[in-house]
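Coordinates from coords_8.txt are shown below (compact mmCIF, C-alpha atoms and all ligand atoms).
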```txt
# COMPACT_ATOMS: atom_id res chain seq x y z
CA MET A 1 -31.42 -29.73 0.27
CA SER A 2 -28.41 -30.05 -2.09
CA VAL A 3 -26.21 -27.02 -2.97
CA ALA A 4 -27.88 -26.90 -6.38
CA GLU A 5 -31.39 -26.99 -4.90
CA GLN A 6 -30.49 -24.28 -2.37
CA SER A 7 -29.08 -22.11 -5.18
CA ILE A 8 -32.14 -22.52 -7.35
CA ALA A 9 -34.34 -21.67 -4.35
CA GLY A 10 -32.11 -18.63 -3.71
CA ALA A 11 -32.29 -17.50 -7.34
CA GLU A 12 -36.09 -17.85 -7.29
CA ALA A 13 -36.28 -15.92 -4.01
CA ARG A 14 -34.39 -13.06 -5.68
CA GLY A 15 -37.35 -12.48 -8.02
CA HIS A 16 -37.23 -10.89 -11.46
CA GLY A 17 -35.88 -7.34 -11.04
CA PHE A 18 -32.56 -5.82 -12.15
CA LEU A 19 -30.73 -7.18 -9.09
CA ALA A 20 -32.16 -10.66 -9.66
CA SER A 21 -30.79 -10.84 -13.20
CA SER A 22 -27.21 -12.02 -13.60
CA VAL A 23 -26.51 -9.00 -15.84
CA GLY A 24 -27.76 -6.66 -13.09
CA ARG A 25 -25.56 -8.31 -10.49
CA LYS A 26 -22.56 -8.22 -12.87
CA VAL A 27 -23.10 -4.47 -13.29
CA ILE A 28 -23.22 -4.15 -9.46
CA MET A 29 -19.97 -6.14 -9.23
CA ALA A 30 -18.36 -3.93 -11.87
CA ALA A 31 -19.51 -0.65 -10.30
CA THR A 32 -18.51 -1.64 -6.76
CA GLY A 33 -15.26 -3.14 -8.12
CA ILE A 34 -14.40 0.28 -9.62
CA VAL A 35 -14.98 1.93 -6.21
CA LEU A 36 -12.81 -0.69 -4.43
CA PHE A 37 -10.00 -0.57 -7.00
CA GLY A 38 -10.16 3.24 -6.88
CA PHE A 39 -9.70 2.96 -3.12
CA VAL A 40 -6.68 0.62 -3.29
CA THR A 41 -5.06 2.91 -5.87
CA VAL A 42 -5.55 6.03 -3.71
CA HIS A 43 -4.50 4.06 -0.58
CA MET A 44 -1.29 2.91 -2.29
CA ILE A 45 -0.50 6.52 -3.30
CA GLY A 46 -1.29 7.79 0.24
CA ASN A 47 1.03 5.21 1.82
CA THR A 48 3.99 6.51 -0.24
CA GLN A 49 4.14 9.14 2.56
CA ALA A 50 5.95 6.42 4.53
CA TYR A 51 9.00 7.21 2.39
CA LEU A 52 8.94 10.76 3.78
CA GLY A 53 9.40 9.53 7.36
CA ALA A 54 7.37 9.75 10.55
CA GLU A 55 6.30 13.37 10.17
CA GLY A 56 4.97 12.99 6.63
CA PHE A 57 3.16 9.71 7.30
CA ASN A 58 1.63 10.75 10.62
CA GLY A 59 0.59 14.11 9.12
CA TYR A 60 -1.21 12.25 6.32
CA ALA A 61 -2.92 9.89 8.84
CA LYS A 62 -4.00 12.92 10.91
CA PHE A 63 -5.45 14.59 7.82
CA LEU A 64 -7.49 11.40 7.04
CA HIS A 65 -8.90 11.30 10.58
CA THR A 66 -9.70 15.03 10.86
CA MET A 67 -10.95 15.94 7.37
CA LEU A 68 -14.47 17.47 7.37
CA HIS A 69 -14.21 17.78 11.18
CA GLY A 70 -13.79 13.99 11.53
CA ALA A 71 -16.91 13.19 9.45
CA GLY A 72 -14.87 12.60 6.26
CA ILE A 73 -13.41 9.26 7.29
CA TRP A 74 -16.84 7.96 8.34
CA ILE A 75 -18.44 8.98 5.02
CA PHE A 76 -15.55 7.26 3.26
CA ARG A 77 -15.89 4.14 5.47
CA ALA A 78 -19.66 3.97 4.80
CA VAL A 79 -19.04 4.07 1.04
CA LEU A 80 -16.30 1.39 1.30
CA ILE A 81 -18.35 -0.96 3.51
CA SER A 82 -21.41 -0.63 1.24
CA ALA A 83 -19.32 -1.25 -1.89
CA ALA A 84 -17.53 -4.26 -0.33
CA GLY A 85 -20.81 -5.73 1.00
CA LEU A 86 -22.59 -5.44 -2.37
CA HIS A 87 -19.53 -6.81 -4.19
CA VAL A 88 -19.35 -9.92 -1.99
CA TRP A 89 -23.14 -10.39 -2.15
CA ALA A 90 -23.18 -10.23 -5.97
CA ALA A 91 -20.13 -12.55 -6.23
CA THR A 92 -21.62 -15.11 -3.84
CA THR A 93 -25.09 -15.22 -5.40
CA LEU A 94 -23.69 -15.35 -8.96
CA THR A 95 -21.39 -18.23 -7.93
CA MET A 96 -24.33 -20.10 -6.34
CA ASP A 97 -26.45 -19.59 -9.47
CA ASN A 98 -23.58 -20.79 -11.69
CA LEU A 99 -23.13 -23.91 -9.56
CA ALA A 100 -26.85 -24.60 -9.84
CA ALA A 101 -26.82 -24.15 -13.61
CA ARG A 102 -23.80 -26.43 -14.12
CA PRO A 103 -25.10 -29.88 -15.04
CA VAL A 104 -22.01 -31.83 -13.96
CA GLY A 105 -19.13 -31.28 -11.58
CA TYR A 106 -15.91 -29.32 -12.09
CA ARG A 107 -14.21 -32.09 -14.04
CA ALA A 108 -16.50 -31.53 -17.00
CA GLN A 109 -15.92 -27.78 -16.94
CA GLN A 110 -14.66 -26.25 -20.18
CA ASN A 111 -11.86 -23.81 -19.48
CA VAL A 112 -11.30 -22.78 -23.07
CA ALA A 113 -12.72 -19.26 -22.82
CA SER A 114 -11.74 -18.56 -19.23
CA THR A 115 -8.29 -17.53 -18.10
CA TRP A 116 -6.36 -18.79 -15.11
CA ALA A 117 -7.01 -15.45 -13.38
CA SER A 118 -10.78 -15.71 -13.92
CA ARG A 119 -10.84 -19.20 -12.38
CA THR A 120 -8.90 -17.93 -9.40
CA MET A 121 -11.21 -14.95 -8.77
CA ARG A 122 -13.12 -16.83 -6.08
CA TRP A 123 -10.21 -17.95 -3.95
CA SER A 124 -8.19 -14.77 -4.48
CA GLY A 125 -11.34 -12.89 -3.37
CA VAL A 126 -11.67 -15.03 -0.22
CA ILE A 127 -7.95 -14.56 0.68
CA LEU A 128 -8.31 -10.81 0.09
CA ALA A 129 -11.36 -10.65 2.39
CA ALA A 130 -9.36 -12.48 5.10
CA PHE A 131 -6.42 -10.10 4.52
CA ILE A 132 -8.67 -7.03 4.90
CA VAL A 133 -10.05 -8.29 8.24
CA TYR A 134 -6.49 -9.00 9.48
CA HIS A 135 -5.19 -5.66 8.10
CA LEU A 136 -7.90 -3.67 9.94
CA LEU A 137 -7.16 -5.51 13.21
CA HIS A 138 -3.45 -4.95 12.61
CA LEU A 139 -3.01 -1.33 11.47
CA THR A 140 -6.37 0.36 12.20
CA THR A 141 -7.56 -1.00 15.56
CA GLY A 142 -4.21 -2.54 16.63
CA THR A 143 -5.99 -5.58 18.12
CA VAL A 144 -3.46 -8.06 16.67
CA HIS A 145 -0.48 -5.67 16.69
CA PRO A 146 1.95 -6.39 19.57
CA ASN A 147 3.22 -2.77 19.90
CA PHE A 148 0.28 -0.65 18.75
CA ASP A 149 0.42 3.05 19.56
CA HIS A 150 -2.79 4.95 18.69
CA THR A 151 -0.85 8.21 18.45
CA ASN A 152 1.84 6.98 16.04
CA PRO A 153 0.69 5.25 12.79
CA TYR A 154 4.24 5.43 11.39
CA ALA A 155 5.68 3.46 14.33
CA ASN A 156 2.86 0.90 13.93
CA PHE A 157 3.69 0.56 10.24
CA VAL A 158 7.44 0.04 10.90
CA SER A 159 7.18 -2.29 13.93
CA GLY A 160 4.34 -4.20 12.17
CA PHE A 161 6.42 -5.07 9.11
CA LYS A 162 9.52 -5.89 11.16
CA VAL A 163 7.87 -9.27 11.90
CA PRO A 164 8.88 -11.43 8.86
CA ALA A 165 5.74 -13.62 8.97
CA VAL A 166 3.53 -10.51 8.91
CA ALA A 167 5.54 -8.93 6.09
CA GLY A 168 5.34 -12.26 4.19
CA PHE A 169 1.56 -12.45 4.62
CA TYR A 170 1.19 -8.88 3.33
CA ILE A 171 3.29 -9.77 0.27
CA VAL A 172 1.24 -12.93 -0.49
CA ALA A 173 -1.99 -10.93 -0.05
CA GLN A 174 -0.72 -8.30 -2.52
CA LEU A 175 -0.09 -11.08 -5.09
CA CYS A 176 -3.73 -12.20 -4.62
CA LEU A 177 -4.77 -8.57 -4.98
CA GLY A 178 -2.80 -8.51 -8.23
CA LEU A 179 -4.62 -11.56 -9.63
CA HIS A 180 -7.98 -10.21 -8.53
CA MET A 181 -7.31 -6.71 -9.88
CA TRP A 182 -5.92 -7.85 -13.19
CA HIS A 183 -8.93 -9.97 -14.03
CA GLY A 184 -11.37 -7.61 -12.31
CA VAL A 185 -10.25 -4.53 -14.25
CA TRP A 186 -10.35 -6.57 -17.46
CA SER A 187 -13.83 -7.96 -16.86
CA PHE A 188 -15.54 -4.89 -15.42
CA SER A 189 -14.91 -3.08 -18.68
CA GLN A 190 -16.61 -6.08 -20.35
CA SER A 191 -19.61 -5.99 -17.97
CA LEU A 192 -19.97 -2.27 -18.70
CA GLY A 193 -20.15 -3.00 -22.44
CA LEU A 194 -16.65 -1.68 -23.34
CA SER A 195 -15.56 -4.94 -24.97
CA HIS A 196 -14.64 -4.19 -28.58
CA PRO A 197 -11.65 -5.40 -30.63
CA ARG A 198 -10.61 -1.77 -31.10
CA TYR A 199 -10.38 -1.15 -27.33
CA ASP A 200 -9.18 -4.58 -26.16
CA GLY A 201 -5.48 -3.59 -26.39
CA LEU A 202 -6.22 -0.48 -24.33
CA ARG A 203 -8.23 -2.47 -21.77
CA ARG A 204 -5.46 -5.03 -21.45
CA GLY A 205 -2.80 -2.33 -21.09
CA PHE A 206 -4.87 -0.51 -18.45
CA ALA A 207 -5.51 -3.74 -16.50
CA TYR A 208 -1.80 -4.70 -16.51
CA GLY A 209 -0.56 -1.17 -15.85
CA LEU A 210 -2.83 -0.46 -12.87
CA THR A 211 -2.25 -3.90 -11.36
CA PHE A 212 1.55 -3.76 -11.63
CA LEU A 213 1.62 -0.25 -10.23
CA VAL A 214 -0.60 -0.92 -7.18
CA VAL A 215 0.84 -4.35 -6.34
CA GLY A 216 4.44 -3.35 -7.13
CA VAL A 217 4.34 -0.25 -4.89
CA ASN A 218 2.42 -2.06 -2.09
CA ILE A 219 5.03 -4.83 -1.98
CA THR A 220 7.82 -2.27 -1.55
CA TYR A 221 6.40 -1.26 1.90
CA PRO A 222 7.07 -4.50 3.82
CA ILE A 223 10.32 -5.01 1.87
CA ALA A 224 11.51 -1.47 2.68
CA VAL A 225 10.98 -2.13 6.41
CA LEU A 226 12.56 -5.60 6.35
CA THR A 227 15.67 -4.26 4.58
CA GLY A 228 15.90 -1.27 6.94
CA PHE A 229 15.26 1.31 4.20
CA ILE A 230 12.24 2.54 6.19
CA HIS A 231 13.06 2.49 9.91
C1 LIG A 301 1.37 -3.17 1.83
C2 LIG A 301 0.23 -2.59 1.57
C3 LIG A 301 -0.56 -1.75 2.56
C4 LIG A 301 -0.14 -0.93 3.56
C5 LIG A 301 1.29 -0.58 3.92
C6 LIG A 301 -1.32 -0.39 4.21
C7 LIG A 301 -1.30 0.49 5.29
C8 LIG A 301 -2.39 0.92 6.00
C9 LIG A 301 -2.37 1.72 7.20
C10 LIG A 301 -1.10 2.24 7.87
C11 LIG A 301 -3.65 1.93 7.60
C12 LIG A 301 -4.14 2.72 8.82
C13 LIG A 301 -4.31 4.17 8.47
C14 LIG A 301 -4.71 4.96 9.70
O1 LIG A 301 -5.56 4.52 10.47
O2 LIG A 301 -4.17 6.04 9.87
C15 LIG A 301 -4.50 1.24 6.66
C16 LIG A 301 -5.87 1.22 6.70
C17 LIG A 301 -6.68 0.55 5.80
N1 LIG A 301 -6.27 -0.22 4.74
FE1 LIG A 301 -4.37 -0.54 4.17
N2 LIG A 301 -2.43 -0.88 3.58
C18 LIG A 301 -2.02 -1.73 2.57
C19 LIG A 301 -2.83 -2.45 1.69
C20 LIG A 301 -4.21 -2.45 1.73
C21 LIG A 301 -5.04 -3.16 0.80
C22 LIG A 301 -4.53 -4.03 -0.35
C23 LIG A 301 -6.33 -2.91 1.17
C24 LIG A 301 -7.62 -3.39 0.55
C25 LIG A 301 -7.70 -4.38 -0.30
C26 LIG A 301 -6.30 -2.04 2.31
C27 LIG A 301 -7.41 -1.58 3.00
C28 LIG A 301 -7.38 -0.74 4.11
C29 LIG A 301 -8.57 -0.25 4.78
C30 LIG A 301 -10.02 -0.59 4.40
C31 LIG A 301 -8.14 0.56 5.84
C32 LIG A 301 -9.00 1.27 6.88
C33 LIG A 301 -9.27 2.69 6.48
C34 LIG A 301 -10.08 3.30 7.60
O3 LIG A 301 -9.52 3.73 8.59
O4 LIG A 301 -11.31 3.29 7.48
N3 LIG A 301 -4.99 -1.77 2.62
N4 LIG A 301 -3.71 0.63 5.70
```

Could I get this structure in the form of structure tokens?
Amino acid sequence: MSVAEQSIAGAEARGHGFLASSVGRKVIMAATGIVLFGFVTVHMIGNTQAYLGAEGFNGYAKFLHTMLHGAGIWIFRAVLISAAGLHVWAATTLTMDNLAARPVGYRAQQNVASTWASRTMRWSGVILAAFIVYHLLHLTTGTVHPNFDHTNPYANFVSGFKVPAVAGFYIVAQLCLGLHMWHGVWSFSQSLGLSHPRYDGLRRGFAYGLTFLVVGVNITYPIAVLTGFIH
């Protein structure tokens, strides 16, 4: 079966409900995208504790792991995993359906209405997914961290970013996050019906502002360690 035939079969298998419609799946992508972007924004703010030193950062990590008697982090993880799973599912099935609907290959594609960021959503999304897997193995479980200490998240943070290749990968991943966020924030407001000439300036400003803030601050963490500002 060709990719197109598989996609058509997949689209048919999805039936005719809200989730089967492309609008329904775009709404799912928008809603889960808001949850995920909300998380990266809060995560970026939380990590600023690294600038307060070991005590501040480790105190913050302890709070995350002990809130609601330890249940808080698991509730939060369940929400994140569900949102990420639904987001990837909607993105993959919408991409498959689009490929099936496209009569000719990429070369005939009209890029007039789409921006560079929108065309890069797929690969920036795939790099981000790979980054998240690596990041969890690096700073949460310590599996790929050479000096991981379960009792000292601050030390893990500092010794982790002292490796230039690791710091470089984090920086590249943040640039992908920036591309993904910029277009994502812009298009989720569209999927939720907020597209109107009167609000487009506001939407654009919000998309740029949030992206620059999250990516800009995130990039300072590896740089601060590499330059010895955080040690
Ligand atoms: C340079 C930027 C970043 C730094 C310095 C950073 C730092 C950290 C640290 C230290 C932890 C472990 C916290 C702990 O267990 O106490 C963590 C966990 C995590 N980070 Fe990041 N992070 C960054 C960017 C990101 C991005 C961009 C994402 C998502 C796109 C992300 C997703 C996560 C997730 C899902 C966890 C696991 C939370 C849990 O324990 O369930 N991080 N991060």

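A distance search around ligand LIG 301 (chain A) (6 Å at most, only C-alpha atoms and all ligand atoms) returns the following protein and nucleic acid residues: Val40, Ala61, Arg77, Ile132, Leu136, Leu139, Thr140, Pro153, Phe157, Tyr170, Asn218, Ile219 and Tyr221 of chain A.
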
Taking only C-alpha atoms into account, name the residue in A:Leu36, A:Leu68, A:Ala83, A:Ile223 that is nearest to His180 (chain A).
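Among A:Leu36, A:Leu68, A:Ala83, A:Ile223, it is A:Leu36 that comes nearest to His180 (chain A).
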
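The space separating CA of Met96 (chain A) from CA of His135 (chain A) comes to 28.0 Å.
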
Any idea what's packed within 10 Å of Lys162 (chain A), counting all atoms listed in the file, ignoring anything in its chain fewer than 4 positions away? Could you give it as a PyMOL selection string?
chain A and resi 156-158+166-167+222-228+231

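The closest residue to Lys62 (chain A), picked from A:Lys26, A:His150, A:Leu128, A:Phe18 and counting all atoms listed in the file, is A:His150.
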
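Straight-line separation from CA of Gly85 (chain A) to CA of Phe161 (chain A): 28.4 Å.
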